[in-house]
Number of protein chains: 2
Amino acid sequence: MDRVAVDRVATIRDVAARAGVSIATVSRVLNGSGNATPETMAKVRAAASDLSFRPSTIGRSLKAARTRTVGVLVPSLTNPVFAESVAGIQDAAAEAGYSVLIASTDYDPARESRAIEGLLSNRVEGLVLTVADADRSGSLDTLDEVRLPYVLAYNQPERAPRAHVSVDNVAASRAVVERMAALGHRRIGMIVGRFRQSDRSRRRHAGWLAALADAGLQPGPVVEVDFNELRLAHRLAPLLEGPERPTALFASNDMLALATIRALRDLGLRVPDDVSVCGFDGIEVGRLMAPSLATLVQPARAMGATAFECLRTGFSGELQGRAVMLPFTLRPGESLGAAPSKST
Amino acid sequence: MDRVAVDRVATIRDVAARAGVSIATVSRVLNGSGNATPETMAKVRAAASDLSFRPSTIGRSLKAARTRTVGVLVPSLTNPVFAESVAGIQDAAAEAGYSVLIASTDYDPARESRAIEGLLSNRVEGLVLTVADADRSGSLDTLDEVRLPYVLAYNQPERAPRAHVSVDNVAASRAVVERMAALGHRRIGMIVGRFRQSDRSRRRHAGWLAALADAGLQPGPVVEVDFNELRLAHRLAPLLEGPERPTALFASNDMLALATIRALRDLGLRVPDDVSVCGFDGIEVGRLMAPSLATLVQPARAMGATAFECLRTGFSGELQGRAVMLPFTLRPGESLGAAPSKST
DNA sequence: AGGCCGGATGGAAACGTTTCCATTCTTCAC
DNA sequence: GTGAAGAATGGAAACGTTTCCATCCGGCCT
């Protein structure tokens with residue numbers, strides 16, 4: 001950043017000098033703490049406004065040991081589901097007078113811990129974050145060590161008692177599978193993001209398995225893919241050959257669902273006539289495409305806002321491990337139709 | 001945020017005490033400035049690590065009058081094109097050891113100025129931002145007044161000499177129209193975001209007009225819509241009636257293009273057989289949908305990264321008003337095809 | 001041997017706030 | 001008229017760093 005001769009920003013001392021009072025008085029007037037003569041108040045306010053004085057939060061933070069800043073850590077900003085939850089956090093934070101320091105990791109553990117270090121150095125008061133695996137995460141261990149409040153978003157730890165806001169991924173997955181079964185599908189496959197990189201993937205897969213069992217169905221094929229792998233045709237081709245191919249595919253998130261639909265089309269299959277597809281997340285663009293994407297909707301914006309609110313109201317300090325489950329809904333869409341009648 | 005009894009974080013004084021040296025020495029060792037005996041260095045490092053000491057950036061900032069923080073202001077995080085540029089900024093910033101403070105405005109001027117105030121109070125060293133209208137913006141005036149370096153992203157001011165990184169919107173628009181004309185389209189309409197809310201809209205519209213004139217074509221209908229208006233059928237219906245309806249529609253951004261395609265389908269028209277559609281931005285999901293979206297691709301990630309780099313290397317201080325134009329490309333897609341032969 | 005140089009280290013100031021405490025002044029009750 | 005209460009205000013410390021300056025020391029040159 002350039003260090004050109006910028007006229008130094010006004011400090012509280014400048015205001016005090018101009019108003020002819022002490023800095024203590026300026027502080028009191030501007031913060032509305034303590035009393036002051038109407039004339040004094042007027043003088044101070046005038047001086048502050050003349051100099052367009054903006055109290056330095058860094059001076060303030062140093063004294064008060066409170067930064068009014070939260071950190072946000074997401075795997076990726078380009079996945080709409082994260083972008084939207086960040087938007088939710090941002091809204092809630094702005095509302096509450098908090099600033100938001102952001103970092104993204106690109107699913108890279110090294111970047112993740114560097115980012116955490118940075119946020120820690122910046123003395124954020126708390127963190128809203130989404131990690132790969134909430135049950136074993138070096139970053140979360142670090143946060144536990146330093147006792148910094150945090151709330152997970154999307155993550156749903158299985159064992160570790162960590163505060164989080166999410167949907168019930170297992171139940172949500174079941175809802176999808178039940179819907180598919182109700183539509184006559186008997187061979188239901190799943191496209192999942194790498195299990196190692198996502199506890200969500202695992203839970204959603206578990207729900208899929210459980211619902212299939214309940215319905216008396218054999219699990220269809222499972223394809224595990226990388227999160228930024230968007231060309232899936234060659235991965236899907238093998239399992240779509242022959243008469244026994246699945247009639248429905250459940251993708252563990254919407255980006256994968258879109259990629260899946262794309263791949264199916266590339267392979268000459270029609271959606272939903274030949275194969276139905278349902279996603280998970282409820283990203284907005286899903287409504288716009290053709291066929292529109294059937295998906296399990298998580299309230300992403302509310303997820304972010306709620307997570308921030310939890311942080312702010314401090315539940316994560318004493319109430320370690322509390323969880324908030326948000327409601328999900330199944331959004332119908334053209335990509336999910338009845339099973340082809342010819343197949344059995 | 002809760003104020004539970006968190007064991008106070010270690011300060012440089014704690015480290016100094018544990019290492020049996022002065023705080024000056026600790027600072028020097030940890031920053032690699034000044035000399036020190038190997039033993040001293042070892043002692044200090046050990047103490048720092050034992051206490052997991054993380055220097056407070058706020059103490060540091062106060063002293064150094066440098067925060068190593070940049071602010072980012074975007075209209076919306078949920079528009080992928082902004083999310084991606086933020087990702088670019090974030091990457092470049094992390095690389096350079098900068099933190100990123102984020103704010104979004106939802107196209108609301110009041111929120112915008114509040115956000116700017118907040119960033120100013122946080123003493124960001126500079127700002128990367130996208131505003132509604134770069135030629136008249138209260139927020140930018142404020143920044144000019146306080147002489148805070150900033151670089152606009154996406155904005156392309158027409159008169160005001162403000163530093164910015166963008167594509168040549170007019171030329172880009174022309175490229176789209178020329179392509180449409182080459183495909184035989186003669187009646188080309190445009191769907192634009194509110195002119196008041198976007199200088200991009202205006203420039204792209206201008207390019208469209210100019211290219212049509214050059215091609216000897218009459219301008220088709222123009223529909224101005226709100227940015228978060230995603231149900232467009234009722235807006236588009238009027239201009240699609242009769243034999244004189246446009247055979248191609250150019251949307252001033254990809255979200256609008258998707259909404260347009262959706263609306264056309266809802267109105268019973270096929271894309272591209274009846275009407276072709278081309279967007280502007282190059283968002284990633286466009287490749288995944290069916291039909292895949294033809295669009296004018298801006299290098300969003302590079303836009304963000306470049307803007308940050310400009311800021312960092314300080315060009316915006318002395319070189320007020322410098323502009324960087326990034327290259328654009330036309331990404332073909334199934335949504336843009338040849339004009340229907342029956343129409344003339 | 002004495003003076004000097006330079007390396008290692010510590011003391012203290014400064015950055016911009018908030019806030020405790022002390023001081024001055026007004027006002028009111030007796 | 002005196003004392004006390006309370007309002008208005010200022011002085012100064014504290015927060016966690018960095019960095020200037022001073023001090024101390026050993027060793028080298030002459």
# chains A, B, ... in the order shown; residues from 1 in each chain; ligands from 1

call {"tool": "interface_residues", "arguments": {"of": "chain B", "to": "chain C", "cutoff": "10 Å", "atoms": "only C-alpha atoms (C1' of nucleotides)", "output": "list in words"}}
result
Val21, Ser22, Ile23, Ala24, Thr25, Gly34, Asn35, Ala36, Thr37, Thr40, Gly59, Arg60, Ser61, Leu62, Lys63, Ala64 and Ala65 of chain B

call {"tool": "write_last_selection", "arguments": {"atoms": "N, CA and C atoms", "output": "PDB file, in the first residue's frame"}}
result
ATOM      1  N   VAL B  21      13.996 -11.799  29.421  1.00  0.00           N
ATOM      2  CA  VAL B  21      14.589 -10.704  28.655  1.00  0.00           C
ATOM      3  C   VAL B  21      13.597  -9.541  28.633  1.00  0.00           C
ATOM      4  N   SER B  22      13.971  -8.478  27.945  1.00  0.00           N
ATOM      5  CA  SER B  22      13.049  -7.344  27.866  1.00  0.00           C
ATOM      6  C   SER B  22      12.107  -7.511  26.685  1.00  0.00           C
ATOM      7  N   ILE B  23      11.028  -6.750  26.725  1.00  0.00           N
ATOM      8  CA  ILE B  23      10.078  -6.853  25.621  1.00  0.00           C
ATOM      9  C   ILE B  23      10.702  -6.373  24.319  1.00  0.00           C
ATOM     10  N   ALA B  24      11.622  -5.453  24.416  1.00  0.00           N
ATOM     11  CA  ALA B  24      12.272  -4.964  23.203  1.00  0.00           C
ATOM     12  C   ALA B  24      12.977  -6.126  22.508  1.00  0.00           C
ATOM     13  N   THR B  25      13.661  -6.914  23.306  1.00  0.00           N
ATOM     14  CA  THR B  25      14.375  -8.050  22.740  1.00  0.00           C
ATOM     15  C   THR B  25      13.406  -9.050  22.116  1.00  0.00           C
ATOM     16  N   GLY B  34      17.109  -6.369  14.070  1.00  0.00           N
ATOM     17  CA  GLY B  34      18.146  -6.264  15.089  1.00  0.00           C
ATOM     18  C   GLY B  34      18.825  -7.606  15.352  1.00  0.00           C
ATOM     19  N   ASN B  35      19.882  -7.545  16.084  1.00  0.00           N
ATOM     20  CA  ASN B  35      20.657  -8.763  16.331  1.00  0.00           C
ATOM     21  C   ASN B  35      20.348  -9.359  17.695  1.00  0.00           C
ATOM     22  N   ALA B  36      20.736 -10.590  17.857  1.00  0.00           N
ATOM     23  CA  ALA B  36      20.555 -11.240  19.149  1.00  0.00           C
ATOM     24  C   ALA B  36      21.418 -12.493  19.197  1.00  0.00           C
ATOM     25  N   THR B  37      21.874 -12.791  20.355  1.00  0.00           N
ATOM     26  CA  THR B  37      22.625 -14.013  20.592  1.00  0.00           C
ATOM     27  C   THR B  37      21.768 -15.229  20.235  1.00  0.00           C
ATOM     28  N   THR B  40      19.786 -16.277  23.193  1.00  0.00           N
ATOM     29  CA  THR B  40      18.634 -15.406  23.437  1.00  0.00           C
ATOM     30  C   THR B  40      17.499 -15.743  22.482  1.00  0.00           C
ATOM     31  N   GLY B  59      -2.181  -4.021  18.622  1.00  0.00           N
ATOM     32  CA  GLY B  59      -1.079  -3.268  19.209  1.00  0.00           C
ATOM     33  C   GLY B  59      -0.118  -2.813  18.124  1.00  0.00           C
ATOM     34  N   ARG B  60       0.184  -3.742  17.265  1.00  0.00           N
ATOM     35  CA  ARG B  60       1.120  -3.448  16.194  1.00  0.00           C
ATOM     36  C   ARG B  60       0.615  -2.308  15.308  1.00  0.00           C
ATOM     37  N   SER B  61      -0.645  -2.411  14.947  1.00  0.00           N
ATOM     38  CA  SER B  61      -1.215  -1.394  14.066  1.00  0.00           C
ATOM     39  C   SER B  61      -1.157  -0.023  14.707  1.00  0.00           C
ATOM     40  N   LEU B  62      -1.462  -0.005  15.969  1.00  0.00           N
ATOM     41  CA  LEU B  62      -1.507   1.278  16.652  1.00  0.00           C
ATOM     42  C   LEU B  62      -0.152   1.961  16.564  1.00  0.00           C
ATOM     43  N   LYS B  63       0.860   1.188  16.841  1.00  0.00           N
ATOM     44  CA  LYS B  63       2.204   1.748  16.811  1.00  0.00           C
ATOM     45  C   LYS B  63       2.625   2.110  15.391  1.00  0.00           C
ATOM     46  N   ALA B  64       2.401   1.163  14.507  1.00  0.00           N
ATOM     47  CA  ALA B  64       2.966   1.306  13.167  1.00  0.00           C
ATOM     48  C   ALA B  64       2.112   2.180  12.263  1.00  0.00           C
ATOM     49  N   ALA B  65       0.893   2.454  12.688  1.00  0.00           N
ATOM     50  CA  ALA B  65      -0.021   3.201  11.826  1.00  0.00           C
ATOM     51  C   ALA B  65      -0.227   2.482  10.498  1.00  0.00           C
TER      52      ALA B  65
END

call {"tool": "closest_atom_pairs", "arguments": {"of": "chain A", "to": "chain B", "cutoff": "8 Å", "atoms": "only C-alpha atoms", "output": "JSON lines"}}
result
{"residue": "A:Met1", "atom": "CA", "partner": "B:Arg312", "partner_atom": "CA", "distance": 4.0}
{"residue": "A:Asp2", "atom": "CA", "partner": "B:Gly314", "partner_atom": "CA", "distance": 4.2}
{"residue": "A:Arg3", "atom": "CA", "partner": "B:Gly314", "partner_atom": "CA", "distance": 7.9}
{"residue": "A:Val4", "atom": "CA", "partner": "B:Gly317", "partner_atom": "CA", "distance": 6.6}
{"residue": "A:Val6", "atom": "CA", "partner": "B:Arg147", "partner_atom": "CA", "distance": 6.4}
{"residue": "A:Asp7", "atom": "CA", "partner": "B:Arg147", "partner_atom": "CA", "distance": 7.9}
{"residue": "A:Val9", "atom": "CA", "partner": "B:Val146", "partner_atom": "CA", "distance": 7.6}
{"residue": "A:Arg54", "atom": "CA", "partner": "B:Ser121", "partner_atom": "CA", "distance": 5.7}
{"residue": "A:Pro55", "atom": "CA", "partner": "B:Ser121", "partner_atom": "CA", "distance": 6.1}
{"residue": "A:Ser56", "atom": "CA", "partner": "B:Ser121", "partner_atom": "CA", "distance": 5.2}
{"residue": "A:Thr57", "atom": "CA", "partner": "B:Asn122", "partner_atom": "CA", "distance": 5.4}
{"residue": "A:Ile58", "atom": "CA", "partner": "B:Ile58", "partner_atom": "CA", "distance": 5.9}
{"residue": "A:Gly59", "atom": "CA", "partner": "B:Leu62", "partner_atom": "CA", "distance": 6.6}
{"residue": "A:Ser61", "atom": "CA", "partner": "B:Ile58", "partner_atom": "CA", "distance": 7.4}
{"residue": "A:Leu62", "atom": "CA", "partner": "B:Ile58", "partner_atom": "CA", "distance": 6.5}
{"residue": "A:Ser76", "atom": "CA", "partner": "B:Ala87", "partner_atom": "CA", "distance": 7.8}
{"residue": "A:Leu77", "atom": "CA", "partner": "B:Ala83", "partner_atom": "CA", "distance": 5.9}
{"residue": "A:Thr78", "atom": "CA", "partner": "B:Glu84", "partner_atom": "CA", "distance": 5.5}
{"residue": "A:Pro80", "atom": "CA", "partner": "B:Thr78", "partner_atom": "CA", "distance": 6.4}
{"residue": "A:Ala83", "atom": "CA", "partner": "B:Thr78", "partner_atom": "CA", "distance": 5.7}
{"residue": "A:Glu84", "atom": "CA", "partner": "B:Thr78", "partner_atom": "CA", "distance": 5.5}
{"residue": "A:Val86", "atom": "CA", "partner": "B:Leu77", "partner_atom": "CA", "distance": 7.7}
{"residue": "A:Ala87", "atom": "CA", "partner": "B:Leu77", "partner_atom": "CA", "distance": 6.0}
{"residue": "A:Gln90", "atom": "CA", "partner": "B:Ala103", "partner_atom": "CA", "distance": 6.8}
{"residue": "A:Ser99", "atom": "CA", "partner": "B:Leu101", "partner_atom": "CA", "distance": 7.1}
{"residue": "A:Val100", "atom": "CA", "partner": "B:Leu101", "partner_atom": "CA", "distance": 5.7}
{"residue": "A:Leu101", "atom": "CA", "partner": "B:Leu101", "partner_atom": "CA", "distance": 4.5}
{"residue": "A:Ile102", "atom": "CA", "partner": "B:Val100", "partner_atom": "CA", "distance": 5.8}
{"residue": "A:Ala103", "atom": "CA", "partner": "B:Gln90", "partner_atom": "CA", "distance": 6.8}
{"residue": "A:Ser104", "atom": "CA", "partner": "B:Gln90", "partner_atom": "CA", "distance": 7.4}
{"residue": "A:Glu117", "atom": "CA", "partner": "B:Arg54", "partner_atom": "CA", "distance": 7.9}
{"residue": "A:Gly118", "atom": "CA", "partner": "B:Ser99", "partner_atom": "CA", "distance": 7.5}
{"residue": "A:Leu120", "atom": "CA", "partner": "B:Arg54", "partner_atom": "CA", "distance": 7.4}
{"residue": "A:Ser121", "atom": "CA", "partner": "B:Ser56", "partner_atom": "CA", "distance": 5.2}
{"residue": "A:Asn122", "atom": "CA", "partner": "B:Thr57", "partner_atom": "CA", "distance": 5.4}
{"residue": "A:Arg123", "atom": "CA", "partner": "B:Ser56", "partner_atom": "CA", "distance": 6.9}
{"residue": "A:Glu125", "atom": "CA", "partner": "B:Met1", "partner_atom": "CA", "distance": 6.7}
{"residue": "A:Gly126", "atom": "CA", "partner": "B:Met1", "partner_atom": "CA", "distance": 7.3}
{"residue": "A:Val146", "atom": "CA", "partner": "B:Val9", "partner_atom": "CA", "distance": 7.6}
{"residue": "A:Arg147", "atom": "CA", "partner": "B:Val6", "partner_atom": "CA", "distance": 6.4}
{"residue": "A:Leu258", "atom": "CA", "partner": "B:Leu288", "partner_atom": "CA", "distance": 5.9}
{"residue": "A:Ala259", "atom": "CA", "partner": "B:Leu288", "partner_atom": "CA", "distance": 5.9}
{"residue": "A:Ile261", "atom": "CA", "partner": "B:Leu288", "partner_atom": "CA", "distance": 7.8}
{"residue": "A:Arg262", "atom": "CA", "partner": "B:Leu288", "partner_atom": "CA", "distance": 5.5}
{"residue": "A:Val285", "atom": "CA", "partner": "B:Leu258", "partner_atom": "CA", "distance": 7.9}
{"residue": "A:Leu288", "atom": "CA", "partner": "B:Arg262", "partner_atom": "CA", "distance": 5.4}
{"residue": "A:Met289", "atom": "CA", "partner": "B:Met289", "partner_atom": "CA", "distance": 6.0}
{"residue": "A:Ala290", "atom": "CA", "partner": "B:Ala290", "partner_atom": "CA", "distance": 5.8}
{"residue": "A:Pro291", "atom": "CA", "partner": "B:Ala290", "partner_atom": "CA", "distance": 7.4}
{"residue": "A:Leu311", "atom": "CA", "partner": "B:Met1", "partner_atom": "CA", "distance": 6.0}
{"residue": "A:Arg312", "atom": "CA", "partner": "B:Met1", "partner_atom": "CA", "distance": 4.0}
{"residue": "A:Thr313", "atom": "CA", "partner": "B:Met1", "partner_atom": "CA", "distance": 5.7}
{"residue": "A:Gly314", "atom": "CA", "partner": "B:Asp2", "partner_atom": "CA", "distance": 4.2}
{"residue": "A:Phe315", "atom": "CA", "partner": "B:Asp2", "partner_atom": "CA", "distance": 7.5}
{"residue": "A:Gly317", "atom": "CA", "partner": "B:Asp2", "partner_atom": "CA", "distance": 6.6}
{"residue": "A:Glu318", "atom": "CA", "partner": "B:Val4", "partner_atom": "CA", "distance": 7.6}

call {"tool": "residues_around", "arguments": {"residues": "segment 203-217 of chain A", "least_positions_apart": "4", "cutoff": "6 Å", "atoms": "only C-alpha atoms (C1' of nucleotides)", "output": "PyMOL selection string"}}
result
chain A and resi 169-170+173-174

call {"tool": "write_last_selection", "arguments": {"atoms": "N, CA, C and O atoms", "output": "CSV table (one decimal), in the first residue's frame"}}
result
chain,number,residue,atom,x,y,z
A,169,ASN,N,-28.6,-33.5,8.6
A,169,ASN,CA,-28.3,-34.0,7.3
A,169,ASN,C,-28.8,-35.4,7.0
A,169,ASN,O,-29.2,-35.8,5.9
A,170,VAL,N,-28.8,-36.3,8.0
A,170,VAL,CA,-29.3,-37.6,7.8
A,170,VAL,C,-30.8,-37.6,7.5
A,170,VAL,O,-31.3,-38.2,6.5
A,173,SER,N,-31.4,-36.2,4.0
A,173,SER,CA,-31.1,-37.2,3.0
A,173,SER,C,-32.2,-38.2,2.9
A,173,SER,O,-32.6,-38.6,1.8
A,174,ARG,N,-32.7,-38.7,4.0
A,174,ARG,CA,-33.8,-39.6,4.0
A,174,ARG,C,-35.0,-39.1,3.3
A,174,ARG,O,-35.7,-39.8,2.5

call {"tool": "interface_residues", "arguments": {"of": "chain D", "to": "chain B", "cutoff": "8 Å", "atoms": "only C-alpha atoms (C1' of nucleotides)", "output": "PyMOL selection string"}}
result
chain D and resi 16-18

call {"tool": "write_last_selection", "arguments": {"atoms": "N, CA, C and O atoms (P, O5', C5', C4', C3', O3' and C1' of nucleotides)", "output": "PDB file, in the first residue's frame"}}
result
ATOM      1  P    DG D  16      -2.618  -6.175  26.995  1.00  0.00           P
ATOM      2  O5'  DG D  16      -1.820  -5.912  25.643  1.00  0.00           O
ATOM      3  C5'  DG D  16      -2.472  -6.152  24.407  1.00  0.00           C
ATOM      4  C4'  DG D  16      -1.498  -5.884  23.280  1.00  0.00           C
ATOM      5  C3'  DG D  16      -0.166  -6.625  23.403  1.00  0.00           C
ATOM      6  O3'  DG D  16       0.164  -7.151  22.138  1.00  0.00           O
ATOM      7  C1'  DG D  16       0.225  -4.300  23.237  1.00  0.00           C
ATOM      8  P    DT D  17       1.374  -8.101  21.921  1.00  0.00           P
ATOM      9  O5'  DT D  17       2.000  -7.449  20.631  1.00  0.00           O
ATOM     10  C5'  DT D  17       3.164  -6.652  20.729  1.00  0.00           C
ATOM     11  C4'  DT D  17       3.041  -5.507  19.767  1.00  0.00           C
ATOM     12  C3'  DT D  17       4.378  -5.091  19.202  1.00  0.00           C
ATOM     13  O3'  DT D  17       4.453  -5.569  17.875  1.00  0.00           O
ATOM     14  C1'  DT D  17       3.230  -3.229  20.174  1.00  0.00           C
ATOM     15  P    DT D  18       5.916  -5.756  17.246  1.00  0.00           P
ATOM     16  O5'  DT D  18       6.401  -4.243  17.072  1.00  0.00           O
ATOM     17  C5'  DT D  18       5.763  -3.428  16.126  1.00  0.00           C
ATOM     18  C4'  DT D  18       6.429  -2.069  16.119  1.00  0.00           C
ATOM     19  C3'  DT D  18       7.898  -2.076  15.700  1.00  0.00           C
ATOM     20  O3'  DT D  18       8.065  -0.941  14.866  1.00  0.00           O
ATOM     21  C1'  DT D  18       7.688  -1.074  17.824  1.00  0.00           C
TER      22       DT D  18
END

call {"tool": "select_by_dssp", "arguments": {"residues": "segment 104-157 of chain B", "states": "strand (DSSP E)", "output": "ChimeraX atom specification"}}
result
/B:104,126-129,150-153

call {"tool": "atom_distance", "arguments": {"atom1": "atom CA of Pro238 of chain A", "atom2": "atom CA of Ala132 of chain A"}}
result
28.5 Å

call {"tool": "atom_distance", "arguments": {"atom1": "atom CA of Leu51 of chain B", "atom2": "atom CA of Arg136 of chain A"}}
result
23.2 Å

call {"tool": "select_by_dssp", "arguments": {"residues": "segment 50-122 of chain A", "states": "alpha helix (DSSP H)", "output": "NGL selection string"}}
result
:A and (50 or 57-64 or 80-95 or 109-121)

call {"tool": "atom_distance", "arguments": {"atom1": "atom CA of Ser201 of chain A", "atom2": "atom CA of Pro340 of chain A"}}
result
27.7 Å
